[in-house]
Amino acid sequence: MAALVFLEQHGGELQKGSLGVLAKAASLGDGDVAAVIAGEGARALAAEAGKFGAAKVWTCESAEVAQPLPQPRVDVLAQVVEEGGYDTVLFANSVLAADVAAGLAARLDAGLNWDLADIELQDGELVGKRPALQDSVYAAVGWSGTPRLALFRAGSFDATPAGGGEPEVAEVSPAYREHSTAVKLVGQDAAESSGPSIEDADIIVAGGRGLGSPDNFTLAEELAKALGGAVGATRAVVDAGWYPYSAQIGQTGKTVSPKLYVALGISGAIQHKVGMQSSGTIVAINKDANAPIFEFSDLGVVGDVHAIVPKLTELIRARRA
Amino acid sequence: MARPSNFPPPFSSSDYVAEPTDPADERIEVGILIVGGGPAGLACAIRLGQLLEEHPDVAERLGEVPVAVLEKGKQPGSHLVSGAVVDPRALRRLFGNRLRMDELPTFGPVTGESVYVLTRRAALPIPPPPPMRNHGNWIFSLSQLGSFLAERAEEGGAMILPETTAQKLLVSHGRVVGARTGDKGRGREGGELGNFEAGSDVVAKVTVLAEGTQGHLTGVALDRFSLHGEDPQVWELAVKEVWKVEKPLDRVIHTMGWPLRTGKRYREFGGSFIYPMGKDMVTIGLVVGLDYRDASLSVHDLLQELKTHPKIRRILAGGERVEWGAKTIPSGGFHSLPQRLHAPGLLLCGDGVGMVNVPRLKGIHYAIESGRLAAEAAFRALQRGETPATALSSYDDAVRDSFIWRELHEVRNMRQVFGRGFIVGGALASAMTVSKGRVELGKMRAEPDADQPLLVTDRDASYPAPDGKLTFDKLSSVFASGNKTRDDQPNHIKIERRVPREVARLWEHMCPAQVYEIGAEDGDGTVLLEVAASNCVQCGAITAKGGRLTPPEGGSGPEYTLT
């Protein structure tokens with residue numbers, strides 16, 4: 001096997017997933033493994049690639065690959081495969097890598113096995129493992145010719161240094177095809193996140209119709225900020241347009257299980273309950289003592305959210321200050 | 001006094017009639033298209049499978065998909081609810097010697113029965129009136145029968161397309177040529193979401209509408225081809241629950257009287273059914289005519305009240321509610337049947353056209369029989385040398401010669417004599433005697449349900465508070481129906497949202513699934529109606545009472561398994 005691994009880098013940082021694939025390929029122990037790194041600062045990253053098992057690293061720093069666009073990278077990889085005579089090219093799945101892998105498969109008329117979770121040698125043959133039937137079984141997949149392309153699921157392998165030495169470094173500068181450079185990157189923005197998303201949050205403050213009006217959602221937001229948590233909402237308030245659907249918790253929204261769930265003015269219909277019942281500690285504030293939420297709260301406060309929540313927020317801020 | 005019909009919904013059936021629009025090579029071509037995977041549609045598909053097996057040459061000509069069934073529910077059976085004590089005749093005819101009754105998913109034949117007139121605390125037994133006698137009938141879960149029939153239909157070669165609604169009737173040169181399926185993946189305001197999938201034109205040589213009660217395209221077709229019957233159709237609303245119980249129930253029970261009121265001005269007609277589903281389950285349901293007038297009436301809450309009766313509490317003692325469902329039942333009978341059951345390229349079956357025997361409380365066997373007869377007419381229309389129009393009109397002749405017509409005709413005047421309603425029917429004669437006139441006879445129902453002038457009482461104050469054990473609120477009941485409809489889809493309920501308070505109150509109380517809520521006051525006596533459409537279990541009551549139900553995105557709505 002002459003294997004090549006596509007190492008993805010952004011801002012001078014090699015992506016863990018692709019290093020994991022490199023380490024895995026090296027551990028198969030069937031011949032030397034090479035890697036390819038494209039983009040600014042590629043050469044400086046070659047030594048690190050060596051630590052994860054690359055015997056040879058191809059680098060490309062030309063202007064065409066300065067931006068994270070797939071098509072120029074297809075040209076780079078096609079050139080490397082040809083020059084180095086590689087029969088196997090491995091990718092770790094990402095938005096960029098999936099496009100590059102698909103483009104390379106088309107360019108080389110090669111077979112691509114995608115969504116693999118593992119790979120192994122069986123009697124000298126390379127066999128991929130692809131989860132199937134809702135991940136209940138692994139299908140063994142192979143290739144009918146070379147080069148063999150494979151795209152691995154994110155997180156399939158740990159990126160553990162294999163303890164390799166200094167790799168041999170070679171530069172590559174392919175002839176870029178006209179269509180490869182036709183795409184221009186207009187701008188790049190990171191998704192702005194104002195706090196943890198409700199699925200990841202350890203603390204959620206959720207508001208229901210008992211808040212009375214959309215403006216009163218600031219009560220929930222302030223409390224969430226003080227606690228370092230995220231804001232959730234019930235279907236009723238999302239329906240009424242008080243809060244975005246992305247914050248909806250319940251049967252037809254998101255299922256959450258934070259350590260602390262604070263329910264403000266939420267009656268606790270079963271449709272809401274099924275989305276949050278596995279939360280660690282549930283605290284409910286509602287003026288209706290008969291609200292079903294009190295049946296599954298660890299701490300229930302019968303009272304007016306408008307009076308209680310501002311004071312609670314203040315106390316928490318004071319305590320944290 | 002306000003009438004819901006004074007506030008018609010923004011709905012025009014002509015919006016749901018269209019020429020095919022997909023390019024010819026993108027249309028889905030099938031031989032016979034059946035809309036609705038209930039007892040009528042599936043019986044039609046099964047019979048077609050039998051006929052096509054006997055005539056492979058015809059099957060050959062119909063192409064890759066000789067028979068297709070569109071089903072709006074998650075799967076066949078998902079939207080089926082009934083108090084299914086079934087007259088087995090139609091099933092026996094459909095399967096002939098291919099299947100025995102005990103090979104069907106049944107809870108067995110009826111072993112005994114009682115009829116009671118209820119008061120708040122007492123239950124007065126009366127002899128079961130002749131039309132209500134159930135000897136020889138079999139108990140089913142219609143939902144389970146539906147999924148069983150779907151498997152038989154697929155074995156016979158039918159292609160069943162679940163989660164697919166029939167949104168528009170395709171008509172070309174005055175002839176029905178199929179149906180357009182509904183779009184999927186639209187947002188609340190109708191915009192296309194990331195997973196948007198446009199509907200398709202499904203074109204067919206014959207289209208069979210077997211949509212059940214309040215069928216969307218059936219209503220459209222009745223308008224388009226002017227098929228409406230002599231009297232308008234009227235409906236009853238049934239809400240039912242399935243319970244796991246500790247001790248088996250040994251008979252079918254019907255009740256009338258309490259918690260419905262007897263005063264003439266209320267027009268509250270109906271009754272309950274309670275029957276065993278095997279040794280460990282019981283079904284209990286309440287049926288009320290939708291010509292009632294009290295804007296505070298809620299059939300769901302009356303069912304909760306009914307369960308607090310000592311007689312019924314005992315049956316459910318120690319038990320647990322496992323499912324809940326709601327559905328309307330057409331009850332206009334013979335005089336409300338369409339003038340014809342066919343139009344060019346089109347056949348109409350089952351509950352969609354009101355084939356329900358009101359005094360006998362039965363319609364499933366008519367649905368199955370009409371589906372079977374429709375299959376035979378559709379098959380005939382496909383034979384070489386047949387004139388399609390004559391062949392399809394033979395369906396009307398066949399229905400007229402069948403027990404459906406004979407029996408509906410026999411009881412056509414029962415409605416005048418006995419008045420009204422599902423349960424009341426034949427029982428009223430006896431009930432009148434025993435109850436010394438406390439059970440009122442209604443007037444004949446000749447006006448649409450939505451024309452009834454409203455009155456408002458404080459009846460809702462006496463509904464029992466839900467305790468989560470015996471009595472339940474509407475939202476937890478919607479949950480128990482299996483409904484987990486995607487919220488961010490367009491509202492499928494066409495309704496006038498700015499209405500007088502009593503009209504909004506009527507809808508709020510009537511809807512068993514808590515779809516409607518009275519919103520902001522307007523100052524001039526009108527309010528803004530809030531609509532939580534994703535709660536909808538598609539019972540159809542809103543169409544009877546002044547709005548219009550259209551199909552939501554395919555796969556929405558309840559996911560019944562026991563009803």
# chains A, B, ... in the order shown; residues from 1 in each chain; ligands from 1
>>> closest_atom_pairs(of="chain A", to="chain B", cutoff="9 Å", atoms="only C-alpha atoms", output="Markdown table")
| residue | atom | partner | partner_atom | distance |
| --- | --- | --- | --- | --- |
| A:Arg235 | CA | B:Asp487 | CA | 8.2 |
| A:Ala236 | CA | B:Ala532 | CA | 8.3 |
| A:Asp239 | CA | B:Ala532 | CA | 7.3 |
| A:Ala240 | CA | B:Glu530 | CA | 8.7 |
| A:Tyr245 | CA | B:Asp488 | CA | 8.0 |
| A:Gln251 | CA | B:Lys484 | CA | 6.7 |
| A:Thr252 | CA | B:Arg486 | CA | 6.1 |
| A:Gly253 | CA | B:Asp487 | CA | 8.4 |
| A:Ala269 | CA | B:Leu475 | CA | 6.8 |
| A:Ile270 | CA | B:Ser476 | CA | 5.9 |
| A:Gln271 | CA | B:Phe479 | CA | 6.7 |
>>> residues_around(residues="region 335-339 of chain B", least_positions_apart="6", cutoff="8 Å", atoms="only C-alpha atoms", output="number ranges by chain")
B: 222, 227-233, 353-355, 412
>>> residues_around(residues="Ser5 (chain B)", least_positions_apart="2", cutoff="12 Å", atoms="only C-alpha atoms", output="PyMOL selection string")
chain B and resi 1-3+7-9+447-454+495-496+499+503+542-548
>>> atom_distance(atom1="CA of Thr164 (chain B)", atom2="CA of Glu71 (chain B)")
5.5 Å
>>> residues_around(residues="region 50-65 of chain B", least_positions_apart="3", cutoff="9 Å", atoms="only C-alpha atoms", output="list in words")
Glu29, Val30, Gly31, Ile32, Ala45, Ile46, Arg47, Ala68, Gly156, Gly157, Ala158, Met159, Lys205, Ala375, Glu376, Phe379, Leu382, Gln383 and Arg384 of chain B
>>> residues_around(residues="Asp351 (chain B)", least_positions_apart="5", cutoff="10 Å", atoms="only C-alpha atoms", output="list of chain:residue names")
B:Gly38, B:Pro39, B:Ala40, B:Ala210, B:Glu211, B:Gly212, B:Thr213, B:Gln214, B:Gly215, B:Thr328, B:Ile329, B:Pro330, B:Ser331, B:Val356, B:Gly363, B:Ile364, B:Tyr366, B:Ala367, B:Ser370
>>> write_last_selection(atoms="N, CA and C atoms", output="mmCIF file, in the first residue's frame")
data_model
loop_
_atom_site.group_PDB
_atom_site.id
_atom_site.type_symbol
_atom_site.label_atom_id
_atom_site.label_comp_id
_atom_site.auth_asym_id
_atom_site.auth_seq_id
_atom_site.Cartn_x
_atom_site.Cartn_y
_atom_site.Cartn_z
ATOM 1 N N GLY B 38 -57.708 3.621 4.302
ATOM 2 C CA GLY B 38 -58.607 3.125 5.341
ATOM 3 C C GLY B 38 -59.316 1.885 4.831
ATOM 4 N N PRO B 39 -60.376 1.448 5.517
ATOM 5 C CA PRO B 39 -61.052 0.222 5.106
ATOM 6 C C PRO B 39 -61.578 0.268 3.660
ATOM 7 N N ALA B 40 -62.098 1.421 3.223
ATOM 8 C CA ALA B 40 -62.629 1.484 1.854
ATOM 9 C C ALA B 40 -61.506 1.401 0.829
ATOM 10 N N ALA B 210 -61.311 7.537 -1.316
ATOM 11 C CA ALA B 210 -61.747 6.749 -0.159
ATOM 12 C C ALA B 210 -61.141 7.388 1.073
ATOM 13 N N GLU B 211 -61.421 8.685 1.230
ATOM 14 C CA GLU B 211 -60.698 9.481 2.228
ATOM 15 C C GLU B 211 -61.303 9.432 3.617
ATOM 16 N N GLY B 212 -62.478 8.814 3.753
ATOM 17 C CA GLY B 212 -63.110 8.797 5.069
ATOM 18 C C GLY B 212 -63.808 10.110 5.356
ATOM 19 N N THR B 213 -64.196 10.247 6.622
ATOM 20 C CA THR B 213 -64.999 11.400 7.022
ATOM 21 C C THR B 213 -64.277 12.707 6.692
ATOM 22 N N GLN B 214 -65.014 13.686 6.225
ATOM 23 C CA GLN B 214 -64.477 15.011 5.891
ATOM 24 C C GLN B 214 -63.336 14.924 4.890
ATOM 25 N N GLY B 215 -63.442 14.004 3.944
ATOM 26 C CA GLY B 215 -62.379 13.863 2.955
ATOM 27 C C GLY B 215 -62.159 15.165 2.194
ATOM 28 N N THR B 328 -64.754 12.567 13.428
ATOM 29 C CA THR B 328 -66.171 12.800 13.158
ATOM 30 C C THR B 328 -66.762 11.596 12.433
ATOM 31 N N ILE B 329 -68.089 11.487 12.507
ATOM 32 C CA ILE B 329 -68.819 10.417 11.823
ATOM 33 C C ILE B 329 -69.917 11.094 11.001
ATOM 34 N N PRO B 330 -69.956 10.828 9.694
ATOM 35 C CA PRO B 330 -71.053 11.422 8.923
ATOM 36 C C PRO B 330 -72.358 10.738 9.319
ATOM 37 N N SER B 331 -73.415 11.520 9.526
ATOM 38 C CA SER B 331 -74.635 10.884 10.015
ATOM 39 C C SER B 331 -75.880 11.363 9.298
ATOM 40 N N VAL B 356 -72.932 5.572 6.325
ATOM 41 C CA VAL B 356 -72.985 5.125 7.719
ATOM 42 C C VAL B 356 -74.443 4.875 8.081
ATOM 43 N N GLY B 363 -70.570 1.514 9.951
ATOM 44 C CA GLY B 363 -70.236 2.009 8.622
ATOM 45 C C GLY B 363 -69.040 1.307 8.019
ATOM 46 N N ILE B 364 -68.253 0.628 8.836
ATOM 47 C CA ILE B 364 -67.024 0.010 8.329
ATOM 48 C C ILE B 364 -67.352 -1.027 7.256
ATOM 49 N N TYR B 366 -69.814 -0.981 5.248
ATOM 50 C CA TYR B 366 -70.190 -0.298 4.007
ATOM 51 C C TYR B 366 -68.947 0.220 3.293
ATOM 52 N N ALA B 367 -68.006 0.722 4.098
ATOM 53 C CA ALA B 367 -66.762 1.227 3.509
ATOM 54 C C ALA B 367 -66.073 0.108 2.731
ATOM 55 N N SER B 370 -68.139 -0.920 -0.347
ATOM 56 C CA SER B 370 -68.100 0.073 -1.435
ATOM 57 C C SER B 370 -66.721 0.081 -2.092
#
>>> residues_around(residues="region 255-257 of chain B", least_positions_apart="5", cutoff="7 Å", atoms="only C-alpha atoms", output="list in words")
Val115, Tyr116, Val117, Leu118, Thr119, Gly270, Gly271, Ser272, Phe273 and Val439 of chain B
>>> residues_around(residues="Ser14 (chain B)", least_positions_apart="4", cutoff="10 Å", atoms="only C-alpha atoms", output="ChimeraX atom specification")
/B:18,168-169,220-221,223-224
>>> write_last_selection(atoms="C-alpha atoms", output="short mmCIF file (atom, residue, chain, number, x, y, z; two decimals), in the first residue's frame")
data_model
loop_
_atom_site.label_atom_id
_atom_site.label_comp_id
_atom_site.auth_asym_id
_atom_site.auth_seq_id
_atom_site.Cartn_x
_atom_site.Cartn_y
_atom_site.Cartn_z
CA ALA B 18 -56.04 21.80 -11.19
CA LYS B 168 -55.41 18.80 -5.42
CA LEU B 169 -57.78 16.95 -7.70
CA VAL B 220 -63.75 19.32 -3.60
CA ALA B 221 -65.12 16.73 -6.05
CA ASP B 223 -68.49 20.78 -5.49
CA ARG B 224 -66.67 20.46 -8.80
#
>>> select_by_dssp(residues="region 97-143 of chain A", states="strand (DSSP E or B)", output="PyMOL selection string")
chain A and resi 111-116+118-122+125-132+137-141
>>> write_last_selection(atoms="N, CA and C atoms", output="tab-separated table (two decimals), in the first residue's frame")
chain	number	residue	atom	x	y	z
A	111	GLY	N	-12.70	4.98	-7.08
A	111	GLY	CA	-13.79	4.63	-6.18
A	111	GLY	C	-13.60	5.28	-4.82
A	112	LEU	N	-14.68	5.84	-4.29
A	112	LEU	CA	-14.62	6.50	-2.97
A	112	LEU	C	-15.57	5.79	-2.01
A	113	ASN	N	-15.03	5.24	-0.93
A	113	ASN	CA	-15.88	4.73	0.15
A	113	ASN	C	-15.99	5.82	1.20
A	114	TRP	N	-17.24	6.21	1.50
A	114	TRP	CA	-17.41	7.35	2.41
A	114	TRP	C	-18.12	6.90	3.69
A	115	ASP	N	-18.03	7.75	4.68
A	115	ASP	CA	-18.68	7.50	5.96
A	115	ASP	C	-18.11	6.25	6.65
A	116	LEU	N	-16.83	5.98	6.42
A	116	LEU	CA	-16.22	4.81	7.07
A	116	LEU	C	-15.91	5.15	8.54
A	118	ASP	N	-13.87	2.77	10.24
A	118	ASP	CA	-12.62	2.06	10.54
A	118	ASP	C	-12.06	1.49	9.24
A	119	ILE	N	-10.81	1.07	9.33
A	119	ILE	CA	-10.19	0.44	8.16
A	119	ILE	C	-9.18	-0.58	8.66
A	120	GLU	N	-9.00	-1.67	7.95
A	120	GLU	CA	-8.00	-2.65	8.39
A	120	GLU	C	-7.48	-3.44	7.19
A	121	LEU	N	-6.39	-4.14	7.44
A	121	LEU	CA	-5.83	-5.00	6.40
A	121	LEU	C	-6.29	-6.43	6.67
A	122	GLN	N	-6.88	-7.05	5.68
A	122	GLN	CA	-7.26	-8.46	5.80
A	122	GLN	C	-6.56	-9.22	4.69
A	125	GLU	N	-5.37	-7.18	1.99
A	125	GLU	CA	-6.37	-6.36	1.31
A	125	GLU	C	-6.89	-5.29	2.26
A	126	LEU	N	-7.09	-4.10	1.73
A	126	LEU	CA	-7.63	-3.01	2.53
A	126	LEU	C	-9.16	-3.15	2.61
A	127	VAL	N	-9.68	-3.17	3.84
A	127	VAL	CA	-11.13	-3.33	4.01
A	127	VAL	C	-11.66	-2.20	4.90
A	128	GLY	N	-12.65	-1.47	4.41
A	128	GLY	CA	-13.25	-0.40	5.19
A	128	GLY	C	-14.47	-0.91	5.96
A	129	LYS	N	-14.77	-0.22	7.08
A	129	LYS	CA	-15.95	-0.59	7.86
A	129	LYS	C	-16.93	0.58	7.80
A	130	ARG	N	-18.11	0.31	7.23
A	130	ARG	CA	-19.09	1.38	7.16
A	130	ARG	C	-20.33	1.03	7.98
A	131	PRO	N	-20.69	1.89	8.93
A	131	PRO	CA	-21.91	1.65	9.72
A	131	PRO	C	-23.13	1.68	8.80
A	132	ALA	N	-24.06	0.75	9.03
A	132	ALA	CA	-25.26	0.70	8.20
A	132	ALA	C	-26.47	0.41	9.09
A	137	VAL	N	-25.10	-2.21	12.42
A	137	VAL	CA	-24.13	-3.20	11.93
A	137	VAL	C	-23.02	-2.47	11.17
A	138	TYR	N	-21.88	-3.15	10.99
A	138	TYR	CA	-20.82	-2.63	10.13
A	138	TYR	C	-20.83	-3.42	8.84
A	139	ALA	N	-20.80	-2.69	7.73
A	139	ALA	CA	-20.65	-3.35	6.45
A	139	ALA	C	-19.17	-3.30	6.07
A	140	ALA	N	-18.61	-4.42	5.63
A	140	ALA	CA	-17.23	-4.43	5.16
A	140	ALA	C	-17.24	-4.01	3.70
A	141	VAL	N	-16.44	-2.99	3.38
A	141	VAL	CA	-16.45	-2.50	2.00
A	141	VAL	C	-15.03	-2.49	1.44
>>> atom_distance(atom1="CA of Gly83 (chain B)", atom2="CA of Gly285 (chain B)")
7.4 Å
